[in-house]
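Data file: data.txt. Format and content: compact mmCIF, C-alpha atoms.
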```
# COMPACT_ATOMS: atom_id res chain seq x y z
CA MET A 1348 -1.15 -7.08 -34.05
CA THR A 1349 -4.59 -8.43 -34.80
CA GLY A 1350 -8.12 -7.19 -35.45
CA ASN A 1351 -8.24 -3.48 -34.83
CA LYS A 1352 -4.61 -3.60 -33.95
CA ALA A 1353 -3.03 -3.46 -37.36
CA GLY A 1354 0.33 -5.17 -37.78
CA VAL A 1355 3.48 -3.09 -38.07
CA LEU A 1356 6.85 -3.86 -39.62
CA PHE A 1357 10.42 -2.89 -38.90
CA THR A 1358 14.07 -3.87 -39.57
CA VAL A 1359 17.17 -3.93 -37.45
CA ALA A 1360 20.43 -2.69 -39.00
CA LEU A 1361 23.58 -4.61 -38.07
CA LEU A 1362 26.77 -2.47 -37.80
CA ALA A 1363 30.18 -4.01 -38.53
CA ALA A 1364 33.12 -2.61 -36.59
CA ALA A 1365 36.15 -1.70 -38.68
CA GLY A 1366 39.67 -2.40 -37.34
CA CYS A 1367 42.35 0.28 -36.80
CA GLY A 1368 45.99 0.32 -37.91
CA ASP A 1369 48.25 1.39 -40.71
CA LYS A 1370 47.81 -1.82 -42.66
CA ALA A 1371 44.82 -2.48 -44.85
CA PRO A 1372 42.65 -5.24 -43.41
CA ALA A 1373 42.67 -8.60 -45.12
CA ALA A 1374 39.73 -9.43 -47.36
CA PRO A 1375 37.08 -11.52 -45.59
CA ALA A 1376 37.08 -15.24 -46.22
CA PRO A 1377 34.12 -16.61 -48.19
CA ALA A 1378 31.20 -17.41 -45.89
CA ALA A 1379 29.89 -20.94 -45.86
CA GLY A 1380 26.99 -21.33 -48.20
CA GLY A 1381 27.39 -17.86 -49.74
CA ALA A 1382 29.48 -15.76 -52.08
CA ALA A 1383 32.84 -14.38 -50.99
CA GLY A 1384 32.40 -11.74 -48.27
CA LYS A 1385 28.61 -12.31 -48.04
CA ALA A 1386 27.27 -14.26 -45.09
CA PRO A 1387 23.85 -15.94 -45.35
CA ALA A 1388 20.98 -13.82 -44.00
CA ALA A 1389 20.42 -14.34 -40.29
CA ALA A 1390 17.85 -13.15 -37.76
CA PRO A 1391 19.05 -9.94 -36.12
CA ALA A 1392 19.70 -9.83 -32.41
CA ALA A 1393 16.77 -8.90 -30.18
CA GLY A 1394 16.39 -5.35 -29.00
CA GLY A 1395 18.58 -3.74 -31.64
CA GLY A 1396 16.84 -0.37 -31.64
CA GLY A 1397 16.50 1.80 -34.73
CA LYS A 1398 13.46 2.70 -36.78
CA TYR A 1399 11.04 0.11 -38.05
CA ASP A 1400 10.58 -0.40 -41.78
CA ALA A 1401 7.05 -1.41 -42.70
CA ALA A 1402 8.13 -2.70 -46.10
CA LYS A 1403 10.56 -5.29 -44.82
CA SER A 1404 9.05 -6.97 -41.76
CA THR A 1405 6.88 -9.88 -42.75
CA ALA A 1406 7.00 -12.47 -39.96
CA SER A 1407 3.98 -13.58 -37.93
CA VAL A 1408 3.10 -15.94 -35.11
CA LYS A 1409 -0.24 -17.65 -34.53
CA PHE A 1410 -0.69 -18.47 -30.85
CA THR A 1411 -3.12 -21.03 -29.51
CA VAL A 1412 -3.60 -20.72 -25.76
CA LYS A 1413 -4.64 -23.79 -23.74
CA TRP A 1414 -5.44 -24.80 -20.18
CA ALA A 1415 -4.24 -28.21 -18.96
CA GLY A 1416 -6.06 -28.22 -15.62
CA ALA A 1417 -9.60 -29.15 -14.74
CA LYS A 1418 -12.13 -27.28 -16.83
CA PRO A 1419 -13.86 -24.66 -14.67
CA ALA A 1420 -17.62 -24.89 -14.33
CA PRO A 1421 -19.48 -22.21 -16.27
CA VAL A 1422 -20.82 -19.42 -14.10
CA ALA A 1423 -24.00 -17.57 -15.07
CA LEU A 1424 -23.85 -13.87 -14.29
CA ALA A 1425 -26.51 -12.66 -11.88
CA PHE A 1426 -28.06 -9.64 -13.60
CA SER A 1427 -30.21 -7.81 -11.05
CA GLY A 1428 -31.32 -4.39 -9.88
CA ASP A 1429 -31.70 -2.84 -13.33
CA THR A 1430 -34.67 -3.59 -15.58
CA PHE A 1431 -32.76 -2.65 -18.71
CA CYS A 1432 -29.99 -5.12 -17.92
CA THR A 1433 -32.31 -7.94 -16.88
CA SER A 1434 -34.29 -7.56 -20.11
CA ALA A 1435 -31.23 -7.19 -22.38
CA HIS A 1436 -30.67 -10.95 -22.68
CA THR A 1437 -33.17 -13.73 -23.30
CA THR A 1438 -30.78 -16.48 -22.17
CA PRO A 1439 -28.31 -16.66 -19.28
CA VAL A 1440 -25.01 -14.85 -19.83
CA MET A 1441 -21.98 -16.85 -18.79
CA GLY A 1442 -19.03 -15.17 -17.11
CA GLU A 1443 -16.17 -14.69 -19.59
CA ARG A 1444 -13.63 -15.41 -16.87
CA PHE A 1445 -14.47 -19.12 -16.74
CA VAL A 1446 -14.65 -20.01 -20.44
CA VAL A 1447 -12.51 -22.97 -21.54
CA ASN A 1448 -13.47 -24.74 -24.75
CA ASP A 1449 -13.92 -28.50 -25.01
CA ASP A 1450 -10.55 -28.75 -26.82
CA THR A 1451 -8.91 -26.93 -23.83
CA THR A 1452 -8.38 -23.70 -25.77
CA VAL A 1453 -8.92 -20.44 -23.87
CA PRO A 1454 -10.57 -17.25 -25.16
CA ASN A 1455 -9.83 -13.85 -23.61
CA ALA A 1456 -6.15 -14.50 -22.99
CA PHE A 1457 -3.80 -11.61 -23.73
CA VAL A 1458 -0.55 -12.20 -25.64
CA TRP A 1459 2.24 -9.68 -26.10
CA ALA A 1460 5.89 -9.45 -27.15
CA ALA A 1461 7.80 -8.95 -23.90
CA LYS A 1462 11.31 -9.13 -25.35
CA GLY A 1463 12.59 -9.03 -28.89
CA ALA A 1464 13.69 -7.04 -31.89
CA HIS A 1465 10.95 -4.47 -31.25
CA GLU A 1466 12.62 -3.18 -28.09
CA ARG A 1467 13.85 0.40 -28.29
CA MET A 1468 12.41 0.73 -31.79
CA THR A 1469 10.95 4.05 -32.88
CA GLY A 1470 8.62 5.18 -35.63
CA PHE A 1471 5.72 2.80 -35.08
CA PRO A 1472 2.60 3.92 -36.94
CA ALA A 1473 -0.26 5.47 -35.03
CA PRO A 1474 -2.53 2.83 -33.48
CA ALA A 1475 -5.98 2.14 -34.87
CA GLU A 1476 -8.88 3.76 -33.08
CA PHE A 1477 -10.20 1.71 -30.18
CA THR A 1478 -13.51 1.81 -28.30
CA LEU A 1479 -14.38 -0.02 -25.10
CA ASP A 1480 -18.14 -0.40 -25.33
CA GLN A 1481 -20.79 -1.13 -22.72
CA HIS A 1482 -23.34 -3.23 -24.53
CA GLY A 1483 -25.96 -5.49 -22.98
CA CYS A 1484 -24.58 -4.46 -19.59
CA MET A 1485 -21.25 -6.05 -20.42
CA TYR A 1486 -17.88 -4.56 -21.34
CA VAL A 1487 -16.95 -5.32 -24.95
CA PRO A 1488 -14.26 -6.51 -25.42
CA HIS A 1489 -13.52 -8.25 -22.15
CA VAL A 1490 -9.72 -8.05 -22.60
CA PHE A 1491 -7.96 -5.44 -24.73
CA GLY A 1492 -4.76 -3.53 -25.33
CA VAL A 1493 -3.94 0.10 -26.10
CA ARG A 1494 -0.69 1.97 -26.61
CA VAL A 1495 1.03 4.34 -24.20
CA GLY A 1496 -0.36 7.83 -24.87
CA GLN A 1497 -3.14 6.55 -27.15
CA GLU A 1498 -6.47 8.30 -26.79
CA PHE A 1499 -9.27 5.74 -26.77
CA SER A 1500 -13.03 5.92 -26.33
CA ILE A 1501 -15.32 4.43 -23.72
CA LYS A 1502 -18.92 4.29 -24.91
CA ASN A 1503 -22.26 3.50 -23.29
CA SER A 1504 -24.49 1.81 -25.86
CA ASP A 1505 -27.05 0.77 -23.26
CA GLY A 1506 -30.30 2.43 -22.27
CA THR A 1507 -29.20 2.78 -18.67
CA THR A 1508 -26.53 4.60 -16.71
CA HIS A 1509 -23.19 2.89 -16.23
CA ASN A 1510 -20.13 3.71 -14.17
CA VAL A 1511 -16.63 3.17 -15.59
CA HIS A 1512 -14.16 2.55 -12.80
CA ALA A 1513 -10.59 1.90 -13.99
CA LYS A 1514 -8.18 0.82 -11.26
CA PRO A 1515 -4.59 0.92 -12.55
CA SER A 1516 -1.63 0.71 -10.18
CA LEU A 1517 0.77 2.88 -12.18
CA CYS A 1518 -1.46 5.04 -14.36
CA GLU A 1519 -4.05 7.53 -13.18
CA GLN A 1520 -7.31 6.00 -11.98
CA PHE A 1521 -10.69 7.28 -13.09
CA ASN A 1522 -14.26 6.70 -11.98
CA THR A 1523 -16.85 8.17 -14.34
CA ALA A 1524 -20.63 7.86 -14.60
CA GLN A 1525 -21.95 7.51 -18.14
CA ALA A 1526 -25.49 8.14 -19.33
CA LYS A 1527 -26.99 6.49 -22.41
CA ASP A 1528 -24.99 7.17 -25.60
CA ALA A 1529 -22.23 9.02 -23.73
CA VAL A 1530 -18.66 8.72 -25.06
CA ASN A 1531 -15.64 9.63 -22.95
CA LYS A 1532 -12.00 9.84 -24.02
CA HIS A 1533 -9.13 8.47 -21.94
CA THR A 1534 -5.36 8.03 -22.18
CA PHE A 1535 -2.88 5.98 -20.18
CA GLU A 1536 0.62 7.44 -20.03
CA LYS A 1537 2.55 4.44 -18.66
CA LYS A 1538 2.96 0.80 -19.53
CA GLU A 1539 0.79 -1.39 -17.33
CA LYS A 1540 -0.50 -4.93 -17.21
CA ALA A 1541 -4.11 -6.09 -16.71
CA ILE A 1542 -5.79 -2.89 -15.51
CA PRO A 1543 -9.16 -3.85 -13.98
CA PHE A 1544 -12.28 -2.08 -15.25
CA ASN A 1545 -15.52 -2.39 -13.29
CA CYS A 1546 -18.94 -0.80 -13.06
CA ASP A 1547 -19.87 0.25 -9.53
CA ILE A 1548 -23.56 0.18 -10.50
CA HIS A 1549 -23.55 -3.30 -12.08
CA SER A 1550 -21.16 -5.47 -10.10
CA TRP A 1551 -20.93 -8.29 -12.68
CA MET A 1552 -19.36 -6.03 -15.33
CA SER A 1553 -15.59 -6.37 -15.71
CA ALA A 1554 -12.82 -5.95 -18.27
CA TYR A 1555 -9.01 -5.83 -18.33
CA GLY A 1556 -6.83 -3.45 -20.28
CA PHE A 1557 -3.11 -3.62 -21.11
CA VAL A 1558 -0.98 -0.60 -21.99
CA LEU A 1559 2.08 -1.22 -24.17
CA ASP A 1560 4.71 0.84 -25.94
CA HIS A 1561 4.56 -1.20 -29.15
CA PRO A 1562 1.83 -2.72 -31.36
CA PHE A 1563 2.69 -6.43 -31.05
CA TYR A 1564 -0.13 -7.78 -28.92
CA GLY A 1565 -3.63 -9.21 -29.06
CA ALA A 1566 -6.35 -11.12 -27.22
CA THR A 1567 -7.37 -14.64 -28.11
CA ALA A 1568 -10.67 -15.02 -29.93
CA ALA A 1569 -13.46 -17.51 -29.19
CA ASP A 1570 -11.30 -20.36 -30.56
CA GLY A 1571 -8.41 -19.52 -28.23
CA SER A 1572 -6.12 -18.20 -30.95
CA VAL A 1573 -4.56 -14.89 -31.90
CA THR A 1574 -2.13 -13.99 -34.68
CA ILE A 1575 0.48 -11.29 -34.17
CA SER A 1576 1.87 -10.14 -37.50
CA GLY A 1577 4.19 -7.55 -38.92
CA LEU A 1578 7.08 -8.73 -36.79
CA PRO A 1579 10.69 -8.17 -37.82
CA ALA A 1580 13.13 -11.07 -37.88
CA GLY A 1581 14.69 -11.80 -34.51
CA ASP A 1582 14.46 -13.65 -31.21
CA TYR A 1583 11.34 -13.02 -29.12
CA THR A 1584 9.82 -13.87 -25.79
CA PHE A 1585 6.03 -13.65 -25.76
CA LYS A 1586 4.04 -13.65 -22.56
CA VAL A 1587 0.45 -14.72 -22.02
CA TRP A 1588 -2.02 -13.65 -19.33
CA HIS A 1589 -5.49 -14.77 -18.31
CA GLU A 1590 -7.46 -13.95 -15.20
CA SER A 1591 -7.51 -16.73 -12.62
CA PHE A 1592 -10.25 -19.33 -12.24
CA THR A 1593 -10.01 -19.72 -8.46
CA ALA A 1594 -9.58 -17.62 -5.34
CA GLY A 1595 -6.01 -17.43 -4.06
CA VAL A 1596 -4.53 -17.58 -7.55
CA LYS A 1597 -3.29 -14.23 -8.83
CA GLU A 1598 -3.51 -15.04 -12.55
CA LEU A 1599 -2.85 -17.64 -15.22
CA ALA A 1600 0.37 -17.13 -17.13
CA GLY A 1601 2.42 -18.56 -19.96
CA GLU A 1602 5.56 -17.80 -21.91
CA VAL A 1603 7.00 -18.90 -25.24
CA LYS A 1604 10.23 -18.11 -27.07
CA VAL A 1605 10.44 -18.00 -30.84
CA THR A 1606 13.04 -17.09 -33.46
CA LEU A 1607 11.59 -15.54 -36.60
CA LYS A 1608 13.00 -15.06 -40.07
CA ASP A 1609 11.69 -12.56 -42.58
CA GLY A 1610 8.53 -13.82 -44.23
CA GLU A 1611 8.14 -16.71 -41.80
CA SER A 1612 4.78 -17.71 -40.33
CA VAL A 1613 5.01 -19.79 -37.15
CA SER A 1614 2.37 -21.49 -35.01
CA LYS A 1615 2.88 -21.89 -31.27
CA GLU A 1616 0.83 -23.47 -28.49
CA VAL A 1617 1.04 -22.01 -25.00
CA THR A 1618 -0.27 -23.80 -21.91
CA LEU A 1619 -1.28 -21.58 -19.02
CA THR A 1620 -0.20 -22.27 -15.45
CA GLU A 1621 -1.29 -20.76 -12.15
CA ALA A 1622 0.74 -17.81 -10.88
CA LYS A 1623 0.17 -17.35 -7.14
```

Please rewrite the model in this file as structure tokens.
Amino acid sequence: MTGNKAGVLFTVALLAAAGCGDKAPAAPAPAAGGAAGKAPAAAPAAGGGGKYDAAKSTASVKFTVKWAGAKPAPVALAFSGDTFCTSAHTTPVMGERFVVNDDTTVPNAFVWAAKGAHERMTGFPAPAEFTLDQHGCMYVPHVFGVRVGQEFSIKNSDGTTHNVHAKPSLCEQFNTAQAKDAVNKHTFEKKEKAIPFNCDIHSWMSAYGFVLDHPFYGATAADGSVTISGLPAGDYTFKVWHESFTAGVKELAGEVKVTLKDGESVSKEVTLTEAK
């Protein structure tokens, strides 16, 4: 995990099945490249279950997310109807949805481990505290992740009233007005992807939240990269999401597979495509 999502570590134990019979089994033949009866270390199979071990998982992946299509035109947000909001910025604020850097990298993309050695694991450490802030009449951060059952805060740092309207499909929706300096607590009890957050008072405000049952996720920073660390050795499939640039396109999506060994640091590029 990255930023306020601290990385976690775990190991997968491999069980060897013993044969039955009234004769003692023959001694194993020497493994290639190793001592007799000792095979070289290999990445464990994905989804092995068990309890994670923070002292032994040391792999990480740095993802760089890119867009190969035409660069979307920047869109300035139309702040109106609230004097606090209109005076909160001295220069135009560009919509975070349409940001693609000159090198084609994409901020605000969400990356998570969809399949891998983390599946069915138990004993993950408690997640770091997380706050979704309303600052300058914008949600900060624009894209974020929390864990299933994690209590997180939603704060109003602005000198005006906001309205937090979360619209999940699987979890319970909520629609709460917030005065200046108010802090509310919320929890999502089911895994869910890209939950929209809006403000019914200020229509330009938006954010997206993901709910996962593990800590291996993160959103790309301004340079379009995110590093997910603390991964155990194994085979993984990571998925990538970004909100769409055009009407009629559900989302932008990507996927990458990677095999990790203990202590290995890997870099991967992911190119987003339109998912209709």

- Item | Phe1521 in chain A surroundings by all atoms listed in the file, 12 Å radius, close-in-sequence under 2 positions cut, as a PyMOL selection string | chain A and resi 1501+1510-1516+1518-1519+1523-1524+1531-1535+1542-1546

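Our summary of the geometry notes that CA of Val1453 in chain A is positioned 20.4 Å from CA of Trp1551 in chain A.
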
- Message: Can you measure CA of Ser1591 in chain A to CA of Pro1419 in chain A for me? One decimal in Å is fine.
- Response: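 The value is 10.4 Å.
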
- Just the residues within 9 Å of Asn1448 in chain A, please, counting only C-alpha atoms, with nothing from its chain fewer than 2 positions along; format it as an MDAnalysis selection string. chainID A and resid 1413 1418 1446 1450:1454 1569:1571

- Task: Name the residues, using the chain letters and numbers of the file, that sit within 6 Å of (-3.3, -20.7, -27.8) when counting all atoms listed in the file, and give them as a PyMOL selection string.
- Result: chain A and resi 1410-1413+1571-1572+1616-1617

- Query: In terms of the shortest atom-to-atom distance over all atoms listed in the file, which of A:Leu1619, A:Met1485, A:Ala1568, A:Leu1578 is closest to Ser1404 in chain A?
  - Reply: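 Ranked by minimum distance to Ser1404 in chain A, first place goes to A:Leu1578.
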
- Counting all atoms listed in the file, note down every residue that has an atom within 8 Å of the point (-32.4, -0.1, -16.6) (file coordinates), as a PyMOL selection string. chain A and resi 1429-1433+1506-1508

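The environment of Ala1423 in chain A within 8 Å, counting all atoms listed in the file and disregarding residues fewer than 6 places along the same chain, consists of Pro1439, Val1440, Met1441 and Gly1442 of chain A.
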
Write a file of the selected residues as a PDB file, keeping the file's coordinate frame, keeping C-alpha atoms.
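To be explicit, this is the file written out as part_4.pdb:
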```
ATOM      1  CA  PRO A1439     -28.310 -16.660 -19.280  1.00  0.00           C
ATOM      2  CA  VAL A1440     -25.010 -14.850 -19.830  1.00  0.00           C
ATOM      3  CA  MET A1441     -21.980 -16.850 -18.790  1.00  0.00           C
ATOM      4  CA  GLY A1442     -19.030 -15.170 -17.110  1.00  0.00           C
TER       5      GLY A1442
END
```

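Here the question is which of A:Lys1527, A:His1561, A:Lys1540, A:Lys1409 gets nearest to Lys1462 in chain A using only C-alpha atoms, and that residue is A:His1561.
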